[in-house]
file protein-v8.txt (compact mmCIF, C-alpha atoms and all ligand atoms)
# COMPACT_ATOMS: atom_id res chain seq x y z
CA MET A 14 160.66 104.72 139.67
CA TYR A 15 163.25 102.03 139.99
CA GLY A 16 163.81 100.72 143.50
CA ILE A 17 167.32 102.14 143.60
CA VAL A 18 165.76 105.59 144.15
CA ASN A 19 163.71 104.49 147.19
CA LYS A 20 166.65 102.47 148.46
CA SER A 21 168.82 105.56 148.30
CA ILE A 22 166.19 107.53 150.26
CA GLU A 23 166.20 104.74 152.85
CA GLU A 24 170.01 104.92 153.12
CA LEU A 25 169.87 108.69 153.55
CA VAL A 26 167.36 108.40 156.41
CA VAL A 27 169.12 105.47 158.13
CA ALA A 28 172.56 107.13 157.91
CA ASN A 29 171.34 110.44 159.35
CA TYR A 30 168.47 109.50 161.67
CA GLY A 31 168.74 105.75 162.33
CA GLN A 32 166.89 102.54 161.41
CA GLU A 33 164.00 103.18 163.80
CA LYS A 34 163.21 106.51 162.16
CA TRP A 35 163.11 104.77 158.77
CA GLU A 36 160.69 102.10 160.01
CA ASP A 37 158.55 104.88 161.47
CA ILE A 38 158.56 106.81 158.16
CA LYS A 39 157.50 103.67 156.26
CA VAL A 40 154.60 103.05 158.67
CA LYS A 41 153.49 106.69 158.46
CA SER A 42 153.71 106.47 154.64
CA ASN A 43 151.58 103.31 154.66
CA ILE A 44 154.27 101.36 152.85
CA ASN A 45 154.41 97.65 153.62
CA ILE A 46 157.49 96.84 151.55
CA GLU A 47 160.28 95.35 153.64
CA TYR A 48 163.13 95.86 151.16
CA PHE A 49 163.25 97.84 147.93
CA ILE A 50 164.86 95.95 145.07
CA SER A 51 167.09 98.24 142.98
CA SER A 52 166.18 96.81 139.60
CA GLU A 53 162.43 96.55 140.20
CA SER A 54 159.98 99.30 139.18
CA TYR A 55 157.78 100.86 141.85
CA ASP A 56 154.93 103.32 141.57
CA ASP A 57 156.15 106.95 141.63
CA ASP A 58 153.63 107.61 144.43
CA ILE A 59 155.83 105.63 146.82
CA THR A 60 158.75 108.00 146.27
CA PHE A 61 156.61 111.13 146.53
CA THR A 62 154.86 109.84 149.67
CA LEU A 63 158.19 109.04 151.31
CA ALA A 64 159.47 112.55 150.54
CA GLY A 65 156.29 114.04 152.03
CA THR A 66 156.49 111.98 155.23
CA ILE A 67 160.18 112.75 155.70
CA ALA A 68 159.43 116.47 155.31
CA THR A 69 156.71 116.29 157.98
CA GLU A 70 158.90 114.26 160.33
CA LEU A 71 161.86 116.64 159.99
CA GLY A 72 159.74 119.79 159.97
CA VAL A 73 161.10 120.95 156.61
CA THR A 74 159.55 121.41 153.16
CA VAL A 75 159.31 118.68 150.53
CA ASP A 76 161.61 120.79 148.33
CA GLU A 77 164.22 120.81 151.09
CA VAL A 78 164.00 117.00 151.30
CA LEU A 79 164.34 116.67 147.51
CA SER A 80 167.31 119.01 147.45
CA LEU A 81 169.00 117.09 150.27
CA PHE A 82 168.27 113.88 148.39
CA GLY A 83 169.82 115.29 145.18
CA GLU A 84 173.11 115.88 147.00
CA TRP A 85 172.94 112.46 148.61
CA TRP A 86 172.23 110.81 145.25
CA ILE A 87 175.50 112.14 143.81
CA LEU A 88 177.76 112.00 146.86
CA HIS A 89 176.66 108.61 148.21
CA THR A 90 174.62 106.51 145.77
CA GLY A 91 176.37 107.89 142.66
CA LYS A 92 179.88 107.96 144.07
CA ASN A 93 179.69 104.59 145.86
CA HIS A 94 177.72 102.53 143.34
CA TYR A 95 178.06 104.28 139.99
CA GLY A 96 181.48 106.00 140.25
CA TYR A 97 182.49 104.71 136.82
CA LEU A 98 179.33 106.24 135.30
CA LEU A 99 179.93 109.62 136.95
CA GLU A 100 183.54 109.54 135.75
CA SER A 101 182.43 108.74 132.21
CA GLY A 102 180.46 112.02 132.20
CA GLY A 103 183.57 114.18 132.37
CA ASP A 104 186.47 115.12 134.62
CA ASN A 105 185.23 118.59 135.60
CA PHE A 106 181.90 120.23 136.41
CA LYS A 107 181.48 122.12 133.12
CA THR A 108 182.28 119.12 130.90
CA PHE A 109 179.94 116.96 132.97
CA LEU A 110 177.07 119.40 132.43
CA LEU A 111 177.79 119.66 128.70
CA ASN A 112 177.56 115.86 128.55
CA LEU A 113 174.49 115.63 130.80
CA PRO A 114 171.97 115.45 127.89
CA SER A 115 173.24 111.96 126.99
CA PHE A 116 173.96 110.75 130.55
CA HIS A 117 170.76 108.75 131.12
CA ASN A 118 171.25 106.91 127.80
CA ARG A 119 174.02 105.05 129.60
CA VAL A 120 171.83 104.63 132.69
CA MET A 121 169.19 103.02 130.45
CA MET A 122 171.58 100.19 129.60
CA MET A 123 171.25 99.15 133.26
CA TYR A 124 167.66 100.24 133.78
CA PRO A 125 165.86 99.74 130.44
CA LYS A 126 162.40 100.71 131.71
CA LEU A 127 163.64 104.09 132.90
CA THR A 128 161.48 107.18 132.45
CA PRO A 129 164.47 109.48 132.34
CA PRO A 130 164.70 113.24 132.71
CA GLU A 131 165.73 115.12 129.59
CA PHE A 132 168.35 117.87 129.68
CA LYS A 133 169.33 120.47 127.12
CA ILE A 134 172.05 123.08 127.39
CA SER A 135 172.12 126.65 126.06
CA GLU A 136 173.79 130.05 126.68
CA VAL A 137 177.15 128.43 127.39
CA GLU A 138 179.68 130.90 128.85
CA ASP A 139 183.05 130.35 130.54
CA ASN A 140 181.46 130.08 133.99
CA SER A 141 177.75 129.54 133.45
CA LEU A 142 175.12 127.95 131.26
CA HIS A 143 171.39 127.44 131.05
CA LEU A 144 170.21 123.97 131.95
CA HIS A 145 166.84 123.01 130.48
CA TYR A 146 165.19 120.27 132.49
CA PHE A 147 162.25 118.40 130.96
CA SER A 148 160.35 115.82 132.96
CA LYS A 149 157.24 113.70 132.64
CA ARG A 150 156.97 114.07 136.42
CA ILE A 151 155.90 117.15 138.33
CA GLY A 152 157.64 118.60 141.35
CA LEU A 153 161.23 117.40 141.07
CA THR A 154 162.99 120.67 140.26
CA ALA A 155 164.33 120.95 143.81
CA PHE A 156 165.94 117.53 143.27
CA VAL A 157 167.86 119.05 140.33
CA TYR A 158 169.08 121.92 142.55
CA GLY A 159 170.43 119.33 144.99
CA LEU A 160 172.02 117.34 142.16
CA MET A 161 173.88 120.48 141.00
CA SER A 162 175.08 121.12 144.51
CA GLY A 163 176.21 117.48 144.87
CA LEU A 164 178.04 117.58 141.54
CA GLY A 165 179.75 120.82 142.62
CA LYS A 166 181.03 119.07 145.75
CA PHE A 167 181.98 115.98 143.72
CA PHE A 168 184.15 118.12 141.42
CA ASN A 169 185.35 120.50 144.20
CA THR A 170 183.70 123.40 142.43
CA GLN A 171 181.69 126.26 143.94
CA VAL A 172 178.26 126.08 142.22
CA THR A 173 175.22 128.39 142.25
CA THR A 174 171.86 127.48 140.69
CA ASP A 175 169.20 130.11 139.93
CA HIS A 176 165.73 129.79 138.51
CA VAL A 177 165.27 131.42 135.09
CA GLU A 178 161.89 130.27 133.82
CA SER A 179 159.17 127.59 134.10
CA LEU A 180 157.42 126.69 130.86
CA SER A 181 154.29 124.60 130.98
CA GLY A 182 153.20 122.32 128.16
CA GLN A 183 153.07 118.59 127.62
CA SER A 184 155.81 118.19 130.20
CA THR A 185 157.56 120.20 132.89
CA HIS A 186 160.24 122.42 131.39
CA GLU A 187 162.37 124.36 133.83
CA ILE A 188 165.25 126.61 132.85
CA LEU A 189 167.97 126.97 135.46
CA LYS A 190 171.08 129.12 135.27
CA VAL A 191 174.00 127.16 136.66
CA SER A 192 177.15 129.16 137.51
CA TRP A 193 180.47 127.95 138.89
CA GLU A 194 183.86 129.19 139.97
CA ASN A 195 187.00 127.47 138.74
C1 LIG A 201 175.01 108.43 139.14
C2 LIG A 201 174.40 107.81 138.19
C3 LIG A 201 172.92 107.94 137.94
C4 LIG A 201 172.03 106.92 137.90
C5 LIG A 201 172.35 105.43 138.07
C6 LIG A 201 170.72 107.50 137.67
C7 LIG A 201 169.55 106.76 137.61
C8 LIG A 201 168.29 107.30 137.68
C9 LIG A 201 167.08 106.56 137.95
C10 LIG A 201 167.00 105.04 138.16
C11 LIG A 201 166.06 107.43 137.97
C12 LIG A 201 164.56 107.13 138.23
C13 LIG A 201 163.78 107.18 136.95
C14 LIG A 201 162.93 105.93 136.72
O1 LIG A 201 163.13 104.92 137.42
O2 LIG A 201 162.07 105.96 135.82
C15 LIG A 201 166.63 108.74 137.74
C16 LIG A 201 165.89 109.90 137.71
C17 LIG A 201 166.43 111.16 137.60
N1 LIG A 201 167.75 111.47 137.39
FE1 LIG A 201 169.29 110.16 137.29
N2 LIG A 201 170.83 108.87 137.56
C18 LIG A 201 172.15 109.18 137.74
C19 LIG A 201 172.69 110.45 137.71
C20 LIG A 201 171.98 111.61 137.48
C21 LIG A 201 172.56 112.93 137.31
C22 LIG A 201 174.07 113.23 137.32
C23 LIG A 201 171.53 113.78 137.12
C24 LIG A 201 171.53 115.27 136.86
C25 LIG A 201 172.46 116.08 137.26
C26 LIG A 201 170.30 113.04 137.20
C27 LIG A 201 169.02 113.56 137.12
C28 LIG A 201 167.86 112.84 137.34
C29 LIG A 201 166.54 113.44 137.50
C30 LIG A 201 166.22 114.93 137.50
C31 LIG A 201 165.64 112.38 137.67
C32 LIG A 201 164.13 112.47 137.93
C33 LIG A 201 163.37 111.93 136.76
C34 LIG A 201 162.36 112.89 136.18
O3 LIG A 201 162.58 114.11 136.19
O4 LIG A 201 161.35 112.40 135.66
N3 LIG A 201 170.61 111.71 137.40
N4 LIG A 201 167.97 108.63 137.54

call {"tool": "encode", "arguments": {"input": "protein-v8.txt", "output": "structure tokens"}}
result
Amino acid sequence: MYGIVNKSIEELVVANYGQEKWEDIKVKSNINIEYFISSESYDDDITFTLAGTIATELGVTVDEVLSLFGEWWILHTGKNHYGYLLESGGDNFKTFLLNLPSFHNRVMMMYPKLTPPEFKISEVEDNSLHLHYFSKRIGLTAFVYGLMSGLGKFFNTQVTTDHVESLSGQSTHEILKVSWEN
């Protein structure tokens, strides 16, 4: 994944637990990289290893770390560095989700070697929809839960995400029911 992802994880750890904790997590993850460069590609293993070490250090599950990171990604990295991109996705939670399938096309203009997630939308109601999440990677569904929660906070909207179905195949396909209150 692009370095921006690992950099954002670093910022999350430093902001909440301090620089020393981050250095400790890097050592325990066997990562000898001093600084992550946002626009450089790194092996996905680095990101997954970091998530695993953070989970062990904090005594929580990897899914809890990924969910926390999803919120952080929207409310810190997204809001502070890509506010214009988030705004271009819509001015309320529902519109943003309806536009989500094309969101990473715009991200790819900045990060051309992206291996993006794919989203599809179905069962659209006034206050809920089904979000289909396709990924070439395994194990990031909890990240999507955190992203939904972060977007809810970003748009001041009460959001609930429930699991509907996991479909296996060539890629991961998860169906989530996302509900909100106006
Ligand atoms: C704020 C602007 C955003 C930027 C700049 C951005 C950028 C990225 C980058 C660089 C990656 C790593 C993929 C790679 O390097 O190959 C990624 C992955 C991902 N992004 Fe975004 N993203 C943004 C917003 C969002 C939003 C709003 C969502 C969904 C609500 C989302 C969902 C995901 C998911 C689920 C992945 C994991 C990739 C996978 O499943 O394989 N992102 N994004």

call {"tool": "closest_residue", "arguments": {"input": "protein-v8.txt", "among": "A:Leu98, A:Ile22, A:Val120, A:Gly83", "to": "Gly65 of chain A", "atoms": "only C-alpha atoms"}}
result
A:Ile22

call {"tool": "closest_residue", "arguments": {"input": "protein-v8.txt", "among": "A:Asn140, A:Ser54, A:Thr174, A:Asn169", "to": "ligand LIG 201 (chain A)", "atoms": "only C-alpha atoms and all ligand atoms"}}
result
A:Ser54

call {"tool": "closest_residue", "arguments": {"input": "protein-v8.txt", "among": "A:Asn195, A:Thr74, A:Gln171, A:Ser51", "to": "ligand LIG 201 (chain A)", "atoms": "all atoms listed in the file"}}
result
A:Ser51

call {"tool": "axis_aligned_box", "arguments": {"input": "protein-v8.txt", "around": "ligand LIG 201 (chain A)", "padding_each_side": "3 Å", "output": "JSON"}}
result
{"center_x": 168.2, "center_y": 110.5, "center_z": 137.4, "size_x": 19.7, "size_y": 17.2, "size_z": 9.5}

call {"tool": "closest_residue", "arguments": {"input": "protein-v8.txt", "among": "A:Thr69, A:Thr90, A:Ser192, A:Asn105", "to": "ligand LIG 201 (chain A)", "atoms": "only C-alpha atoms and all ligand atoms"}}
result
A:Thr90

call {"tool": "residues_around", "arguments": {"input": "protein-v8.txt", "residues": "His176 of chain A", "least_positions_apart": "5", "cutoff": "10 Å", "atoms": "all atoms listed in the file", "output": "count of residues only"}}
result
9

call {"tool": "residues_around", "arguments": {"input": "protein-v8.txt", "residues": "Gly182 of chain A", "least_positions_apart": "3", "cutoff": "12 Å", "atoms": "only C-alpha atoms", "output": "list of chain:residue names"}}
result
A:Phe147, A:Ser148, A:Lys149, A:Ile151, A:Ser179, A:Thr185, A:His186, A:Glu187

call {"tool": "atom_distance", "arguments": {"input": "protein-v8.txt", "atom1": "atom CA of Ala64 of chain A", "atom2": "atom CA of His117 of chain A"}}
result
22.8 Å

call {"tool": "atom_distance", "arguments": {"input": "protein-v8.txt", "atom1": "atom N4 of ligand LIG 201 (chain A)", "atom2": "atom CA of Pro125 of chain A"}}
result
11.6 Å

call {"tool": "closest_residue", "arguments": {"input": "protein-v8.txt", "among": "A:Asn29, A:Ser181, A:Thr170, A:Ser101", "to": "ligand LIG 201 (chain A)", "atoms": "all atoms listed in the file"}}
result
A:Ser101

call {"tool": "closest_residue", "arguments": {"input": "protein-v8.txt", "among": "A:Asp104, A:Glu77, A:Glu194, A:Glu36", "to": "Asp139 of chain A", "atoms": "only C-alpha atoms"}}
result
A:Glu194

call {"tool": "residues_around", "arguments": {"input": "protein-v8.txt", "residues": "Gly163 of chain A", "least_positions_apart": "4", "cutoff": "7 Å", "atoms": "all atoms listed in the file", "output": "count of residues only"}}
result
6

call {"tool": "atom_distance", "arguments": {"input": "protein-v8.txt", "atom1": "atom CA of Glu131 of chain A", "atom2": "atom CA of Pro114 of chain A"}}
result
6.5 Å

call {"tool": "decode", "arguments": {"input": "protein-v8.txt", "residues": "segment 24-36 of chain A", "atoms": "all heavy atoms", "output": "PDB file, in the first residue's frame"}}
result
ATOM      1  N   GLU A  24       0.791   8.334  12.699  1.00  0.00           N
ATOM      2  CA  GLU A  24       0.222   9.539  13.321  1.00  0.00           C
ATOM      3  C   GLU A  24      -0.813   9.181  14.391  1.00  0.00           C
ATOM      4  O   GLU A  24      -0.888   9.822  15.436  1.00  0.00           O
ATOM      5  CB  GLU A  24      -0.397  10.440  12.238  1.00  0.00           C
ATOM      6  CG  GLU A  24       0.676  11.177  11.454  1.00  0.00           C
ATOM      7  CD  GLU A  24       0.179  11.855  10.178  1.00  0.00           C
ATOM      8  OE1 GLU A  24      -1.044  11.838   9.913  1.00  0.00           O
ATOM      9  OE2 GLU A  24       1.025  12.376   9.444  1.00  0.00           O
ATOM     10  N   LEU A  25      -1.593   8.132  14.105  1.00  0.00           N
ATOM     11  CA  LEU A  25      -2.585   7.682  15.086  1.00  0.00           C
ATOM     12  C   LEU A  25      -1.897   7.256  16.387  1.00  0.00           C
ATOM     13  O   LEU A  25      -2.284   7.657  17.483  1.00  0.00           O
ATOM     14  CB  LEU A  25      -3.387   6.521  14.495  1.00  0.00           C
ATOM     15  CG  LEU A  25      -4.591   5.963  15.247  1.00  0.00           C
ATOM     16  CD1 LEU A  25      -5.460   5.138  14.300  1.00  0.00           C
ATOM     17  CD2 LEU A  25      -4.230   5.093  16.417  1.00  0.00           C
ATOM     18  N   VAL A  26      -0.839   6.455  16.241  1.00  0.00           N
ATOM     19  CA  VAL A  26      -0.132   5.936  17.425  1.00  0.00           C
ATOM     20  C   VAL A  26       0.550   7.082  18.177  1.00  0.00           C
ATOM     21  O   VAL A  26       0.424   7.206  19.404  1.00  0.00           O
ATOM     22  CB  VAL A  26       0.898   4.850  17.026  1.00  0.00           C
ATOM     23  CG1 VAL A  26       1.778   4.459  18.205  1.00  0.00           C
ATOM     24  CG2 VAL A  26       0.190   3.618  16.463  1.00  0.00           C
ATOM     25  N   VAL A  27       1.255   7.945  17.436  1.00  0.00           N
ATOM     26  CA  VAL A  27       2.000   9.032  18.097  1.00  0.00           C
ATOM     27  C   VAL A  27       1.032   9.974  18.825  1.00  0.00           C
ATOM     28  O   VAL A  27       1.260  10.359  19.969  1.00  0.00           O
ATOM     29  CB  VAL A  27       2.882   9.792  17.077  1.00  0.00           C
ATOM     30  CG1 VAL A  27       3.491  11.042  17.708  1.00  0.00           C
ATOM     31  CG2 VAL A  27       3.986   8.885  16.542  1.00  0.00           C
ATOM     32  N   ALA A  28      -0.093  10.306  18.167  1.00  0.00           N
ATOM     33  CA  ALA A  28      -1.048  11.247  18.777  1.00  0.00           C
ATOM     34  C   ALA A  28      -1.663  10.675  20.054  1.00  0.00           C
ATOM     35  O   ALA A  28      -1.889  11.392  21.022  1.00  0.00           O
ATOM     36  CB  ALA A  28      -2.148  11.598  17.780  1.00  0.00           C
ATOM     37  N   ASN A  29      -1.903   9.375  20.080  1.00  0.00           N
ATOM     38  CA  ASN A  29      -2.605   8.779  21.228  1.00  0.00           C
ATOM     39  C   ASN A  29      -1.680   8.161  22.280  1.00  0.00           C
ATOM     40  O   ASN A  29      -2.043   8.106  23.451  1.00  0.00           O
ATOM     41  CB  ASN A  29      -3.586   7.711  20.750  1.00  0.00           C
ATOM     42  CG  ASN A  29      -4.775   8.329  20.027  1.00  0.00           C
ATOM     43  OD1 ASN A  29      -5.624   8.946  20.658  1.00  0.00           O
ATOM     44  ND2 ASN A  29      -4.807   8.202  18.711  1.00  0.00           N
ATOM     45  N   TYR A  30      -0.515   7.686  21.852  1.00  0.00           N
ATOM     46  CA  TYR A  30       0.344   6.947  22.800  1.00  0.00           C
ATOM     47  C   TYR A  30       1.779   7.459  22.857  1.00  0.00           C
ATOM     48  O   TYR A  30       2.588   6.950  23.623  1.00  0.00           O
ATOM     49  CB  TYR A  30       0.333   5.449  22.452  1.00  0.00           C
ATOM     50  CG  TYR A  30      -1.073   4.893  22.365  1.00  0.00           C
ATOM     51  CD1 TYR A  30      -1.696   4.728  21.132  1.00  0.00           C
ATOM     52  CD2 TYR A  30      -1.789   4.578  23.518  1.00  0.00           C
ATOM     53  CE1 TYR A  30      -3.007   4.260  21.047  1.00  0.00           C
ATOM     54  CE2 TYR A  30      -3.095   4.111  23.445  1.00  0.00           C
ATOM     55  CZ  TYR A  30      -3.697   3.948  22.205  1.00  0.00           C
ATOM     56  OH  TYR A  30      -4.981   3.493  22.141  1.00  0.00           O
ATOM     57  N   GLY A  31       2.132   8.422  21.991  1.00  0.00           N
ATOM     58  CA  GLY A  31       3.464   9.026  22.054  1.00  0.00           C
ATOM     59  C   GLY A  31       4.475   8.410  21.095  1.00  0.00           C
ATOM     60  O   GLY A  31       4.315   7.283  20.616  1.00  0.00           O
ATOM     61  N   GLN A  32       5.548   9.192  20.845  1.00  0.00           N
ATOM     62  CA  GLN A  32       6.589   8.812  19.883  1.00  0.00           C
ATOM     63  C   GLN A  32       7.316   7.527  20.298  1.00  0.00           C
ATOM     64  O   GLN A  32       7.620   6.681  19.459  1.00  0.00           O
ATOM     65  CB  GLN A  32       7.585   9.978  19.778  1.00  0.00           C
ATOM     66  CG  GLN A  32       8.652   9.820  18.706  1.00  0.00           C
ATOM     67  CD  GLN A  32       8.081   9.885  17.292  1.00  0.00           C
ATOM     68  OE1 GLN A  32       7.146  10.640  17.022  1.00  0.00           O
ATOM     69  NE2 GLN A  32       8.617   9.081  16.383  1.00  0.00           N
ATOM     70  N   GLU A  33       7.568   7.405  21.617  1.00  0.00           N
ATOM     71  CA  GLU A  33       8.306   6.233  22.092  1.00  0.00           C
ATOM     72  C   GLU A  33       7.570   4.941  21.781  1.00  0.00           C
ATOM     73  O   GLU A  33       8.159   3.934  21.394  1.00  0.00           O
ATOM     74  CB  GLU A  33       8.504   6.328  23.603  1.00  0.00           C
ATOM     75  CG  GLU A  33       9.929   6.589  23.992  1.00  0.00           C
ATOM     76  CD  GLU A  33      10.092   6.680  25.492  1.00  0.00           C
ATOM     77  OE1 GLU A  33       9.870   5.664  26.181  1.00  0.00           O
ATOM     78  OE2 GLU A  33      10.406   7.792  25.959  1.00  0.00           O
ATOM     79  N   LYS A  34       6.257   4.978  21.984  1.00  0.00           N
ATOM     80  CA  LYS A  34       5.423   3.802  21.717  1.00  0.00           C
ATOM     81  C   LYS A  34       5.535   3.426  20.236  1.00  0.00           C
ATOM     82  O   LYS A  34       5.628   2.254  19.868  1.00  0.00           O
ATOM     83  CB  LYS A  34       3.963   4.129  22.075  1.00  0.00           C
ATOM     84  CG  LYS A  34       3.061   2.932  22.087  1.00  0.00           C
ATOM     85  CD  LYS A  34       3.344   2.108  23.323  1.00  0.00           C
ATOM     86  CE  LYS A  34       2.411   0.956  23.493  1.00  0.00           C
ATOM     87  NZ  LYS A  34       2.857   0.079  24.588  1.00  0.00           N
ATOM     88  N   TRP A  35       5.544   4.439  19.370  1.00  0.00           N
ATOM     89  CA  TRP A  35       5.649   4.165  17.933  1.00  0.00           C
ATOM     90  C   TRP A  35       6.985   3.501  17.594  1.00  0.00           C
ATOM     91  O   TRP A  35       7.041   2.537  16.838  1.00  0.00           O
ATOM     92  CB  TRP A  35       5.451   5.459  17.124  1.00  0.00           C
ATOM     93  CG  TRP A  35       5.762   5.289  15.666  1.00  0.00           C
ATOM     94  CD1 TRP A  35       6.776   5.868  14.974  1.00  0.00           C
ATOM     95  CD2 TRP A  35       5.052   4.455  14.726  1.00  0.00           C
ATOM     96  NE1 TRP A  35       6.753   5.453  13.653  1.00  0.00           N
ATOM     97  CE2 TRP A  35       5.715   4.587  13.483  1.00  0.00           C
ATOM     98  CE3 TRP A  35       3.949   3.608  14.825  1.00  0.00           C
ATOM     99  CZ2 TRP A  35       5.292   3.906  12.337  1.00  0.00           C
ATOM    100  CZ3 TRP A  35       3.531   2.925  13.685  1.00  0.00           C
ATOM    101  CH2 TRP A  35       4.203   3.078  12.462  1.00  0.00           C
ATOM    102  N   GLU A  36       8.066   4.024  18.173  1.00  0.00           N
ATOM    103  CA  GLU A  36       9.388   3.437  17.907  1.00  0.00           C
ATOM    104  C   GLU A  36       9.394   1.984  18.380  1.00  0.00           C
ATOM    105  O   GLU A  36       9.918   1.095  17.712  1.00  0.00           O
ATOM    106  CB  GLU A  36      10.495   4.237  18.609  1.00  0.00           C
ATOM    107  CG  GLU A  36      10.635   5.695  18.131  1.00  0.00           C
ATOM    108  CD  GLU A  36      10.880   5.843  16.624  1.00  0.00           C
ATOM    109  OE1 GLU A  36      11.446   4.921  16.015  1.00  0.00           O
ATOM    110  OE2 GLU A  36      10.475   6.876  16.053  1.00  0.00           O
TER     111      GLU A  36
END
